[in-house]
Amino acid sequence: MNPSDHPPAVFTSFWNDTGKTGITSWIFSTDHKRIGLLYFWSVLGFFLTAVLLGLLLRIELMAPGRTIMGPETYNALFTVHGAIMVFLFIIPGFPGAFGNLVMPIQIGARDVSFPRLNLFSWWLYMMGAAVIIISLFTGGGPPDTGWTFYVPFSARTGTNVSLAVFGVFIVGFSSIVTGVNFVTTIHRLRAPGMSWDRLPLFVWSLYATAWVQILATPILGITLVLIIAERVLGVGLFDPMKGGDPVMYQHLFWIYSHPAVYIMILPAMGVISEIIPVFSRKPVFGYKMIAFSSIAIAAAGSLVWGHHMFTSGMSDRAILVFSFLTFVVAIPSAIKVFNWVSTLYRGSISLEAPMLYALSFILLFSIGGLTGLILGAAATDIHVHDTHFVVGHFHYVIFGGSGFALFGAMHYWLPKFYGRRYAEKPALIAWGLMFVGFNITYFSMMVLGMKGMPRRYYDYLPEFAPLNLVSTVGSWILAVGLVLMLVNLIRGLRKGEPVGNNPWGGATLEWTIPSPPPTENFPEEPVVTHGPYDFSKAGTP
Amino acid sequence: MTEAPHHIISYTKLTAVWGLLLLLTGATILVTRLDLGPYKILGALTIACVKSGLVIAVFMHMKYEERLLRILLFVTLVTLAIFIGFTFFDVLYR
């Protein structure tokens with residue numbers, strides 16, 4: 001059935017369905033769209049906080065010596081910047097916000113399998129975040145260990161590490177709960193006709209991500225509890241004086257935290273796989289291989305954590321194995337990149353904002369991925385380990401990759417849920433500013449790293465001064481672009497031009513229903529008759 | 001979703017498994033006294049795996065559950081085994 005056959009009055013948008021207003025209609029709602037938006041705005045709030053901290057760090061590094069803060073403050077700021085960005089922004093950003101908003105609609109479901117558990121996951125997230133924030137202002141002050149909480153320093157420092165890791169522990173549960181919910185939903189609630197080979201690629205990527213969330217997050221939980229045990233009880237698990245092993249901590253930490261990189265990047269790849277076919281007006285090239293490569297990345301990516309420890313005293317044989325496996329992950333990642341480029345080939349490309357973010361994702365992620373191979377090869381890693389090269393590399397993957405994909409997703413999907421869209425011209429200017437600012441900021445860091453500037457150092461040699469200044473100026477351009485993008489987007493969502501069911505001409509199910517969608521998404525259960533990228537049938541299930 | 005039929009296990013079987021668990025606990029202690037070098041850990045972990053396998057299969061009724069659930073649990077445990085295995089691989093050759 002085509003919903004556009006109905007007069008619009010038949011639908012009550014999820015914004016005013018219950019008749020209730022105010023904050024309780026949101027924080028106690030079990031509607032996946034409301035929970036998605038709760039996640040989205042909370043995640044965005046934390047993102048902006050951490051962006052501010054990042055800008056302060058760049059200002060401090062603008063010139064050698066003390067610029068605006070002392071070394072202790074610097075240590076605390078880079079720790080909090082990293083912890084917020086990783087645990088409160090980018091890990092929950094895709095599954096929590098856009099997974100919740102879009103995934104149930106894309107599979108033709110009315111909601112997720114466990115709506116109350118879904119709400120609980122947001123509450124857990126907020127409770128964990130609250131504990132982390134409290135930890136900054138109580139006890140010995142904000143942790144200064146770096147977001148990785150490495151022992152032995154994290155076991156000895158007088159700052160408030162125990163409370164901060166307890167906050168991260170709680171946030172971890174929220175991630176597990178979302179993972180369980182998504183796996184169950186994707187298995188059980190697909191509409192009739194929504195076979196596995198008709199699943200939109202964003203859903204495939206969320207499915208792979210959900211498994212990583214379920215299987216890897218508990219290990220982080222245990223590891224964080226062990227830090228608290230080490231600090232409070234002095235059990236000596238990681239203390240060589242008591243027969244412990246500090247490298248053991250790094251194993252446990254990265255068993256989760258490397259797959260966590262795939263929690264951050266896989267759904268981003270899913271977003272790109274949605275945007276590129278729609279804005280090329282062409283079915284995606286190699287659907288099955290893109291879907292399969294998501295699973296392959298999740299599986300192989302879970303076995304490469306040791307590449308973070310090449311210089312930590314790990315055995316040479318283990319280095320060999322982890323280095324080899326790291327190169328293996330490059331294969332499914334490259335499959336995706338080549339398939340996106342092949343989708344673009346001879347397509348009818350329209351360069352609107354979501355597409356520009358998707359295209360810049362391909363470039364920036366490729367730079368991030370290939371510089372990752374420099375770090376994954378043991379011989380070169382020894383030279384650039386713990387330098388600014390690493391900082392540049394992972395910002396290319398996580399900010400240039402996941403971050404830009406998230407901005408693309410915001411331009412692509414938020415009009416669906418607000419019924420209004422942003423203005424195109426400011427969106428293009430904002431994208432241009434961010435793209436330029438981003439490359440100036442982080443490419444300079446990679447060059448600095450190659451020249452030997454260590455990461456997490458408060459001060460540096462005068463020879464590193466010019467490029468640090470360039471990087472800081474780049475961060476300002478990036479920030480101006482970011483502000484412009486958000487102002488334009490938020491203004492558009494409030495007062496912009498109304499959009500119809502299908503502003504982009506997409507063929508997945510979310511474009512067959514009104515914008516904003518009604519409470520239970522579909523007036524009646526859709527029967528899916530075509531694949532997600534069959535544009536000849538766009539606008540019908 | 002329909003509930004799986006409730007399976008009742010006999011006292012004899014439960015007692016036998018309990019006895020076996022006690023024996024394996026004894027074996028764990030025995031392994032710590034033998035001079036096996038790094039393989040001591042391997043031995044202790046193998047016994048622990050067998051023990052937890054028995055508990056999951058019999059006491060937690062996994063033996064009588066449907067196929068999908070058993071496969072999912074198996075995949076999860078294999079993943080955990082790989083995580084532990086790779087970590088030991090480092091320690092063993094250091």
# chains A, B, ... in the order shown; residues from 1 in each chain; ligands from 1
call {"tool": "interface_residues", "arguments": {"of": "chain A", "to": "chain B", "cutoff": "9 Å", "atoms": "only C-alpha atoms", "output": "list in words"}}
result
Leu215, Ala216, Met248, His251, Leu252, Ile255, Ser302, Leu303, Gly306, Gly313, Met314, Ser315, Asp316, Arg317, Ala318 and Ile319 of chain A
call {"tool": "write_last_selection", "arguments": {"atoms": "all heavy atoms", "output": "short mmCIF file (atom, residue, chain, number, x, y, z; two decimals), in the first residue's frame"}}
result
data_model
loop_
_atom_site.label_atom_id
_atom_site.label_comp_id
_atom_site.auth_asym_id
_atom_site.auth_seq_id
_atom_site.Cartn_x
_atom_site.Cartn_y
_atom_site.Cartn_z
N LEU A 215 29.31 -8.69 22.76
CA LEU A 215 30.40 -9.60 23.11
C LEU A 215 31.61 -8.90 23.73
O LEU A 215 32.31 -9.48 24.55
CB LEU A 215 30.85 -10.38 21.87
CG LEU A 215 29.84 -11.38 21.33
CD1 LEU A 215 30.35 -12.03 20.06
CD2 LEU A 215 29.53 -12.44 22.36
N ALA A 216 31.88 -7.67 23.33
CA ALA A 216 33.13 -7.03 23.79
C ALA A 216 32.93 -6.15 25.02
O ALA A 216 33.82 -6.06 25.86
CB ALA A 216 33.75 -6.23 22.65
N MET A 248 48.95 -7.04 30.92
CA MET A 248 47.65 -7.72 31.01
C MET A 248 46.52 -6.71 30.97
O MET A 248 45.50 -6.91 30.30
CB MET A 248 47.58 -8.53 32.30
CG MET A 248 46.27 -9.20 32.53
SD MET A 248 46.07 -10.47 31.32
CE MET A 248 45.87 -11.82 32.39
N HIS A 251 45.99 -5.64 27.44
CA HIS A 251 45.25 -6.67 26.70
C HIS A 251 43.76 -6.50 26.98
O HIS A 251 42.95 -6.40 26.06
CB HIS A 251 45.67 -8.07 27.16
CG HIS A 251 46.83 -8.63 26.39
ND1 HIS A 251 46.75 -8.94 25.06
CD2 HIS A 251 48.09 -8.94 26.77
CE1 HIS A 251 47.91 -9.44 24.65
NE2 HIS A 251 48.76 -9.43 25.68
N LEU A 252 43.41 -6.54 28.27
CA LEU A 252 41.98 -6.50 28.63
C LEU A 252 41.32 -5.24 28.10
O LEU A 252 40.22 -5.27 27.56
CB LEU A 252 41.83 -6.57 30.15
CG LEU A 252 42.16 -7.92 30.77
CD1 LEU A 252 42.18 -7.82 32.29
CD2 LEU A 252 41.16 -8.97 30.34
N ILE A 255 41.00 -5.42 24.24
CA ILE A 255 40.08 -6.45 23.74
C ILE A 255 38.72 -5.80 23.51
O ILE A 255 38.02 -6.12 22.55
CB ILE A 255 39.97 -7.63 24.74
CG1 ILE A 255 41.23 -8.49 24.69
CG2 ILE A 255 38.75 -8.50 24.40
CD1 ILE A 255 41.25 -9.60 25.73
N SER A 302 37.79 -7.78 15.87
CA SER A 302 37.82 -8.16 17.28
C SER A 302 39.12 -8.90 17.64
O SER A 302 39.34 -9.21 18.81
CB SER A 302 36.63 -9.06 17.61
OG SER A 302 35.44 -8.34 17.41
N LEU A 303 39.94 -9.19 16.64
CA LEU A 303 41.13 -10.01 16.91
C LEU A 303 42.43 -9.24 16.71
O LEU A 303 43.49 -9.83 16.55
CB LEU A 303 41.12 -11.23 15.97
CG LEU A 303 39.87 -12.09 16.03
CD1 LEU A 303 39.94 -13.20 15.00
CD2 LEU A 303 39.71 -12.69 17.42
N GLY A 306 45.98 -6.36 19.79
CA GLY A 306 47.38 -6.33 20.20
C GLY A 306 48.21 -5.27 19.49
O GLY A 306 49.30 -4.92 19.95
N GLY A 313 56.12 -4.28 25.32
CA GLY A 313 56.80 -5.45 25.88
C GLY A 313 56.04 -6.73 25.63
O GLY A 313 56.24 -7.72 26.33
N MET A 314 55.17 -6.73 24.62
CA MET A 314 54.47 -7.95 24.25
C MET A 314 55.46 -8.87 23.52
O MET A 314 56.45 -8.40 22.98
CB MET A 314 53.32 -7.58 23.32
CG MET A 314 52.25 -8.61 23.21
SD MET A 314 50.79 -7.97 22.37
CE MET A 314 51.45 -7.47 20.81
N SER A 315 55.17 -10.19 23.50
CA SER A 315 56.11 -11.10 22.85
C SER A 315 56.15 -10.86 21.35
O SER A 315 55.15 -10.46 20.74
CB SER A 315 55.71 -12.55 23.12
OG SER A 315 54.65 -12.92 22.28
N ASP A 316 57.33 -11.13 20.74
CA ASP A 316 57.48 -10.87 19.31
C ASP A 316 56.54 -11.71 18.47
O ASP A 316 56.03 -11.26 17.44
CB ASP A 316 58.94 -11.16 18.88
CG ASP A 316 59.86 -10.05 19.37
OD1 ASP A 316 59.32 -9.02 19.81
OD2 ASP A 316 61.09 -10.22 19.32
N ARG A 317 56.31 -12.95 18.90
CA ARG A 317 55.41 -13.80 18.12
C ARG A 317 54.00 -13.23 18.12
O ARG A 317 53.30 -13.26 17.11
CB ARG A 317 55.39 -15.21 18.70
CG ARG A 317 56.63 -15.97 18.30
CD ARG A 317 56.46 -17.42 18.63
NE ARG A 317 57.78 -17.95 18.98
CZ ARG A 317 58.06 -19.22 18.98
NH1 ARG A 317 57.14 -20.11 18.70
NH2 ARG A 317 59.26 -19.63 19.29
N ALA A 318 53.58 -12.74 19.29
CA ALA A 318 52.24 -12.15 19.36
C ALA A 318 52.18 -10.91 18.46
O ALA A 318 51.17 -10.66 17.80
CB ALA A 318 51.89 -11.79 20.80
N ILE A 319 53.26 -10.13 18.43
CA ILE A 319 53.30 -8.94 17.57
C ILE A 319 53.09 -9.35 16.11
O ILE A 319 52.32 -8.75 15.38
CB ILE A 319 54.64 -8.19 17.74
CG1 ILE A 319 54.68 -7.52 19.12
CG2 ILE A 319 54.82 -7.14 16.64
CD1 ILE A 319 55.98 -6.82 19.42
#
call {"tool": "residues_around", "arguments": {"residues": "range 524-539 of chain A", "least_positions_apart": "3", "cutoff": "8 Å", "atoms": "only C-alpha atoms", "output": "PDB file with N, CA, C and O atoms, in the first residue's frame"}}
result
ATOM      1  N   MET A   1       0.838  -1.206   0.000  1.00  0.00           N
ATOM      2  CA  MET A   1       0.000   0.000   0.000  1.00  0.00           C
ATOM      3  C   MET A   1       0.868   1.249   0.000  1.00  0.00           C
ATOM      4  O   MET A   1       1.898   1.296   0.648  1.00  0.00           O
ATOM      5  N   ASN A   2       0.431   2.233  -0.702  1.00  0.00           N
ATOM      6  CA  ASN A   2       1.213   3.469  -0.731  1.00  0.00           C
ATOM      7  C   ASN A   2       0.606   4.499   0.220  1.00  0.00           C
ATOM      8  O   ASN A   2      -0.534   4.943   0.029  1.00  0.00           O
ATOM      9  N   GLY A 108      10.578  -2.148   8.745  1.00  0.00           N
ATOM     10  CA  GLY A 108       9.114  -2.236   8.685  1.00  0.00           C
ATOM     11  C   GLY A 108       8.479  -2.614  10.007  1.00  0.00           C
ATOM     12  O   GLY A 108       7.394  -3.206  10.034  1.00  0.00           O
ATOM     13  N   ALA A 109       9.141  -2.284  11.132  1.00  0.00           N
ATOM     14  CA  ALA A 109       8.600  -2.630  12.455  1.00  0.00           C
ATOM     15  C   ALA A 109       7.946  -1.412  13.103  1.00  0.00           C
ATOM     16  O   ALA A 109       8.192  -0.282  12.703  1.00  0.00           O
ATOM     17  N   ALA A 191       9.472  -6.898   8.675  1.00  0.00           N
ATOM     18  CA  ALA A 191       8.149  -6.982   8.048  1.00  0.00           C
ATOM     19  C   ALA A 191       8.145  -8.136   7.043  1.00  0.00           C
ATOM     20  O   ALA A 191       9.198  -8.568   6.581  1.00  0.00           O
ATOM     21  N   PRO A 192       6.948  -8.632   6.682  1.00  0.00           N
ATOM     22  CA  PRO A 192       6.888  -9.675   5.660  1.00  0.00           C
ATOM     23  C   PRO A 192       7.565  -9.189   4.379  1.00  0.00           C
ATOM     24  O   PRO A 192       7.378  -8.045   3.964  1.00  0.00           O
ATOM     25  N   GLY A 193       8.370 -10.028   3.780  1.00  0.00           N
ATOM     26  CA  GLY A 193       9.065  -9.651   2.548  1.00  0.00           C
ATOM     27  C   GLY A 193      10.419  -9.004   2.798  1.00  0.00           C
ATOM     28  O   GLY A 193      11.210  -8.856   1.872  1.00  0.00           O
ATOM     29  N   MET A 194      10.688  -8.601   4.068  1.00  0.00           N
ATOM     30  CA  MET A 194      11.994  -7.982   4.378  1.00  0.00           C
ATOM     31  C   MET A 194      12.989  -9.100   4.680  1.00  0.00           C
ATOM     32  O   MET A 194      13.317  -9.377   5.830  1.00  0.00           O
ATOM     33  N   ASP A 197      18.386 -10.434   2.456  1.00  0.00           N
ATOM     34  CA  ASP A 197      19.039  -9.779   1.311  1.00  0.00           C
ATOM     35  C   ASP A 197      18.288  -8.532   0.841  1.00  0.00           C
ATOM     36  O   ASP A 197      18.635  -7.947  -0.175  1.00  0.00           O
ATOM     37  N   ARG A 198      17.234  -8.139   1.584  1.00  0.00           N
ATOM     38  CA  ARG A 198      16.594  -6.855   1.295  1.00  0.00           C
ATOM     39  C   ARG A 198      16.813  -5.866   2.438  1.00  0.00           C
ATOM     40  O   ARG A 198      16.249  -4.782   2.445  1.00  0.00           O
ATOM     41  N   LEU A 199      17.596  -6.276   3.400  1.00  0.00           N
ATOM     42  CA  LEU A 199      17.845  -5.426   4.564  1.00  0.00           C
ATOM     43  C   LEU A 199      18.695  -4.222   4.127  1.00  0.00           C
ATOM     44  O   LEU A 199      19.721  -4.404   3.483  1.00  0.00           O
ATOM     45  N   PRO A 200      18.268  -2.997   4.460  1.00  0.00           N
ATOM     46  CA  PRO A 200      19.128  -1.861   4.121  1.00  0.00           C
ATOM     47  C   PRO A 200      20.520  -2.044   4.738  1.00  0.00           C
ATOM     48  O   PRO A 200      20.658  -2.639   5.806  1.00  0.00           O
ATOM     49  N   PRO A 277      24.104   5.530  -2.813  1.00  0.00           N
ATOM     50  CA  PRO A 277      23.202   5.127  -3.903  1.00  0.00           C
ATOM     51  C   PRO A 277      22.082   6.151  -4.150  1.00  0.00           C
ATOM     52  O   PRO A 277      21.742   6.415  -5.292  1.00  0.00           O
ATOM     53  N   VAL A 278      21.544   6.715  -3.033  1.00  0.00           N
ATOM     54  CA  VAL A 278      20.414   7.648  -3.196  1.00  0.00           C
ATOM     55  C   VAL A 278      20.840   8.883  -3.988  1.00  0.00           C
ATOM     56  O   VAL A 278      20.127   9.340  -4.878  1.00  0.00           O
ATOM     57  N   ARG A 281      21.618   8.031  -7.666  1.00  0.00           N
ATOM     58  CA  ARG A 281      20.485   7.449  -8.393  1.00  0.00           C
ATOM     59  C   ARG A 281      20.856   6.129  -9.038  1.00  0.00           C
ATOM     60  O   ARG A 281      20.583   5.881 -10.203  1.00  0.00           O
ATOM     61  N   LYS A 282      21.516   5.284  -8.278  1.00  0.00           N
ATOM     62  CA  LYS A 282      21.950   4.000  -8.810  1.00  0.00           C
ATOM     63  C   LYS A 282      21.892   2.969  -7.688  1.00  0.00           C
ATOM     64  O   LYS A 282      22.221   3.292  -6.554  1.00  0.00           O
ATOM     65  N   PRO A 283      21.483   1.724  -7.987  1.00  0.00           N
ATOM     66  CA  PRO A 283      21.543   0.705  -6.931  1.00  0.00           C
ATOM     67  C   PRO A 283      22.976   0.553  -6.448  1.00  0.00           C
ATOM     68  O   PRO A 283      23.911   0.732  -7.220  1.00  0.00           O
ATOM     69  N   VAL A 284      23.115   0.224  -5.166  1.00  0.00           N
ATOM     70  CA  VAL A 284      24.455   0.108  -4.616  1.00  0.00           C
ATOM     71  C   VAL A 284      25.199  -1.030  -5.319  1.00  0.00           C
ATOM     72  O   VAL A 284      24.603  -2.047  -5.679  1.00  0.00           O
ATOM     73  N   ASN A 501       7.117  13.137   2.029  1.00  0.00           N
ATOM     74  CA  ASN A 501       7.520  11.814   2.501  1.00  0.00           C
ATOM     75  C   ASN A 501       8.958  11.488   2.124  1.00  0.00           C
ATOM     76  O   ASN A 501       9.678  10.854   2.869  1.00  0.00           O
ATOM     77  N   ASN A 502       9.342  11.928   0.921  1.00  0.00           N
ATOM     78  CA  ASN A 502      10.576  11.400   0.348  1.00  0.00           C
ATOM     79  C   ASN A 502      11.422  12.489  -0.310  1.00  0.00           C
ATOM     80  O   ASN A 502      11.520  12.556  -1.528  1.00  0.00           O
ATOM     81  N   GLY A 505      14.269  11.013  -2.583  1.00  0.00           N
ATOM     82  CA  GLY A 505      14.004   9.956  -3.566  1.00  0.00           C
ATOM     83  C   GLY A 505      14.604   8.624  -3.156  1.00  0.00           C
ATOM     84  O   GLY A 505      15.014   7.837  -4.008  1.00  0.00           O
ATOM     85  N   GLY A 506      14.665   8.350  -1.845  1.00  0.00           N
ATOM     86  CA  GLY A 506      15.216   7.080  -1.356  1.00  0.00           C
ATOM     87  C   GLY A 506      14.224   5.940  -1.537  1.00  0.00           C
ATOM     88  O   GLY A 506      13.022   6.166  -1.692  1.00  0.00           O
ATOM     89  N   ALA A 507      14.739   4.707  -1.535  1.00  0.00           N
ATOM     90  CA  ALA A 507      13.872   3.551  -1.784  1.00  0.00           C
ATOM     91  C   ALA A 507      13.683   2.688  -0.541  1.00  0.00           C
ATOM     92  O   ALA A 507      13.004   1.666  -0.595  1.00  0.00           O
ATOM     93  N   THR A 508      14.286   3.080   0.602  1.00  0.00           N
ATOM     94  CA  THR A 508      14.101   2.294   1.825  1.00  0.00           C
ATOM     95  C   THR A 508      12.774   2.703   2.481  1.00  0.00           C
ATOM     96  O   THR A 508      12.183   3.720   2.133  1.00  0.00           O
ATOM     97  N   LEU A 509      12.339   1.908   3.466  1.00  0.00           N
ATOM     98  CA  LEU A 509      10.981   2.053   3.974  1.00  0.00           C
ATOM     99  C   LEU A 509      10.692   3.384   4.670  1.00  0.00           C
ATOM    100  O   LEU A 509       9.554   3.838   4.685  1.00  0.00           O
ATOM    101  N   TRP A 511      11.167   6.225   3.786  1.00  0.00           N
ATOM    102  CA  TRP A 511      10.721   7.254   2.840  1.00  0.00           C
ATOM    103  C   TRP A 511       9.329   6.976   2.297  1.00  0.00           C
ATOM    104  O   TRP A 511       8.836   7.706   1.442  1.00  0.00           O
ATOM    105  N   THR A 512       8.696   5.886   2.776  1.00  0.00           N
ATOM    106  CA  THR A 512       7.324   5.617   2.328  1.00  0.00           C
ATOM    107  C   THR A 512       6.298   6.179   3.311  1.00  0.00           C
ATOM    108  O   THR A 512       5.109   6.135   3.049  1.00  0.00           O
TER     109      THR A 512
END
call {"tool": "closest_residue", "arguments": {"among": "B:Val17, B:Ile9, B:Leu30, B:Leu45", "to": "Tyr64 in chain B", "atoms": "only C-alpha atoms"}}
result
B:Ile9
call {"tool": "atom_distance", "arguments": {"atom1": "CA of Val168 in chain A", "atom2": "CA of Ile84 in chain A"}}
result
9.6 Å
call {"tool": "residues_around", "arguments": {"residues": "range 114-119 of chain A", "least_positions_apart": "6", "cutoff": "9 Å", "atoms": "only C-alpha atoms", "output": "JSON, numbers by chain"}}
result
{"A": [27, 28, 29, 30, 31, 32, 35, 100, 174, 177, 178, 181, 184, 185]}
call {"tool": "atom_distance", "arguments": {"atom1": "CA of Thr159 in chain A", "atom2": "CA of Pro143 in chain A"}}
result
5.1 Å
call {"tool": "select_by_dssp", "arguments": {"residues": "range 416-491 of chain A", "states": "helix (DSSP H, G or I)", "output": "NGL selection string"}}
result
:A and (416-418 or 424-451 or 462-491)
call {"tool": "closest_residue", "arguments": {"among": "A:Gly474, A:Gly93, A:Pro142, A:Pro152", "to": "Gly234 in chain A", "atoms": "only C-alpha atoms"}}
result
A:Pro152
call {"tool": "atom_distance", "arguments": {"atom1": "CA of Trp18 in chain B", "atom2": "CA of Lys51 in chain B"}}
result
9.9 Å
call {"tool": "residues_around", "arguments": {"residues": "Leu21 in chain B", "least_positions_apart": "5", "cutoff": "10 Å", "atoms": "only C-alpha atoms", "output": "PyMOL selection string"}}
result
chain B and resi 15-16+26-27+47-48+50-52+54-55
call {"tool": "select_by_dssp", "arguments": {"residues": "range 290-528 of chain A", "states": "strand (DSSP E or B)", "output": "MDAnalysis selection string"}}
result
chainID A and resid 387 420:421 454 497:498 518
call {"tool": "closest_residue", "arguments": {"among": "A:Tyr412, A:Tyr262, A:Phe361, A:Tyr458", "to": "Ile295 in chain A", "atoms": "only C-alpha atoms"}}
result
A:Tyr262
call {"tool": "residues_around", "arguments": {"residues": "range 437-451 of chain A", "least_positions_apart": "3", "cutoff": "6 Å", "atoms": "only C-alpha atoms", "output": "ChimeraX atom specification"}}
result
/A:387-389,392,433-434,467,471,474-475,477-478
call {"tool": "residues_around", "arguments": {"residues": "range 153-157 of chain A", "least_positions_apart": "2", "cutoff": "10 Å", "atoms": "only C-alpha atoms", "output": "NGL selection string"}}
result
:A and (140 or 143-146 or 148-151 or 159-162 or 226-232 or 234 or 236 or 238-239)
call {"tool": "write_last_selection", "arguments": {"atoms": "N, CA, C and O atoms", "output": "short mmCIF file (atom, residue, chain, number, x, y, z; two decimals), in the first residue's frame"}}
result
data_model
loop_
_atom_site.label_atom_id
_atom_site.label_comp_id
_atom_site.auth_asym_id
_atom_site.auth_seq_id
_atom_site.Cartn_x
_atom_site.Cartn_y
_atom_site.Cartn_z
N GLY A 140 39.79 13.73 44.11
CA GLY A 140 41.05 14.37 43.73
C GLY A 140 40.95 15.14 42.42
O GLY A 140 41.99 15.46 41.83
N PRO A 143 40.17 12.89 36.31
CA PRO A 143 41.26 11.95 36.05
C PRO A 143 42.26 12.51 35.05
O PRO A 143 41.89 13.28 34.16
N ASP A 144 43.52 12.11 35.19
CA ASP A 144 44.57 12.66 34.33
C ASP A 144 45.37 11.54 33.67
O ASP A 144 46.56 11.66 33.43
N THR A 145 44.67 10.42 33.39
CA THR A 145 45.39 9.23 32.93
C THR A 145 45.37 9.07 31.41
O THR A 145 46.01 8.17 30.89
N GLY A 146 44.62 9.92 30.71
CA GLY A 146 44.29 9.61 29.32
C GLY A 146 43.06 8.73 29.34
O GLY A 146 42.79 8.05 30.34
N THR A 148 42.47 6.00 28.22
CA THR A 148 42.72 4.57 28.27
C THR A 148 42.93 4.04 29.70
O THR A 148 42.99 2.84 29.90
N PHE A 149 43.04 4.93 30.66
CA PHE A 149 43.19 4.55 32.08
C PHE A 149 44.28 3.50 32.30
O PHE A 149 44.10 2.54 33.04
N TYR A 150 45.43 3.65 31.64
CA TYR A 150 46.50 2.66 31.76
C TYR A 150 47.03 2.54 33.20
O TYR A 150 47.27 3.55 33.86
N VAL A 151 47.21 1.28 33.64
CA VAL A 151 47.98 1.04 34.87
C VAL A 151 49.46 1.09 34.48
O VAL A 151 49.78 0.91 33.32
N THR A 159 44.03 11.42 41.45
CA THR A 159 42.80 12.00 40.89
C THR A 159 41.67 10.98 40.95
O THR A 159 41.88 9.80 41.25
N ASN A 160 40.47 11.46 40.61
CA ASN A 160 39.27 10.68 40.88
C ASN A 160 39.01 9.59 39.83
O ASN A 160 37.94 9.56 39.21
N VAL A 161 39.96 8.68 39.65
CA VAL A 161 39.84 7.67 38.60
C VAL A 161 38.73 6.67 38.91
O VAL A 161 37.94 6.30 38.03
N SER A 162 38.61 6.25 40.18
CA SER A 162 37.64 5.19 40.52
C SER A 162 36.23 5.58 40.11
O SER A 162 35.51 4.79 39.48
N LEU A 226 38.35 -4.08 37.69
CA LEU A 226 39.69 -4.47 38.18
C LEU A 226 40.52 -3.25 38.55
O LEU A 226 41.31 -3.30 39.50
N ILE A 227 40.37 -2.14 37.81
CA ILE A 227 41.10 -0.92 38.19
C ILE A 227 40.65 -0.47 39.58
O ILE A 227 41.47 -0.14 40.43
N ILE A 228 39.32 -0.50 39.79
CA ILE A 228 38.82 -0.07 41.09
C ILE A 228 39.36 -1.01 42.18
O ILE A 228 39.80 -0.56 43.25
N ALA A 229 39.36 -2.34 41.88
CA ALA A 229 39.88 -3.31 42.86
C ALA A 229 41.35 -3.02 43.16
O ALA A 229 41.79 -3.09 44.30
N GLU A 230 42.08 -2.67 42.10
CA GLU A 230 43.50 -2.37 42.26
C GLU A 230 43.69 -1.14 43.15
O GLU A 230 44.55 -1.11 44.02
N ARG A 231 42.86 -0.14 42.93
CA ARG A 231 43.00 1.12 43.68
C ARG A 231 42.53 0.97 45.12
O ARG A 231 43.19 1.45 46.05
N VAL A 232 41.37 0.31 45.28
CA VAL A 232 40.77 0.27 46.61
C VAL A 232 41.36 -0.86 47.46
O VAL A 232 41.68 -0.68 48.63
N GLY A 234 44.09 -2.92 46.42
CA GLY A 234 45.51 -3.21 46.17
C GLY A 234 45.75 -4.67 45.86
O GLY A 234 46.70 -5.28 46.36
N GLY A 236 46.81 -6.18 43.26
CA GLY A 236 48.09 -6.46 42.60
C GLY A 236 48.00 -7.23 41.30
O GLY A 236 48.98 -7.82 40.86
N PHE A 238 47.81 -6.11 38.36
CA PHE A 238 48.62 -5.47 37.32
C PHE A 238 49.95 -4.96 37.87
O PHE A 238 50.66 -4.23 37.20
N ASP A 239 50.27 -5.33 39.10
CA ASP A 239 51.47 -4.82 39.76
C ASP A 239 52.55 -5.91 39.80
O ASP A 239 52.39 -6.92 40.51
#
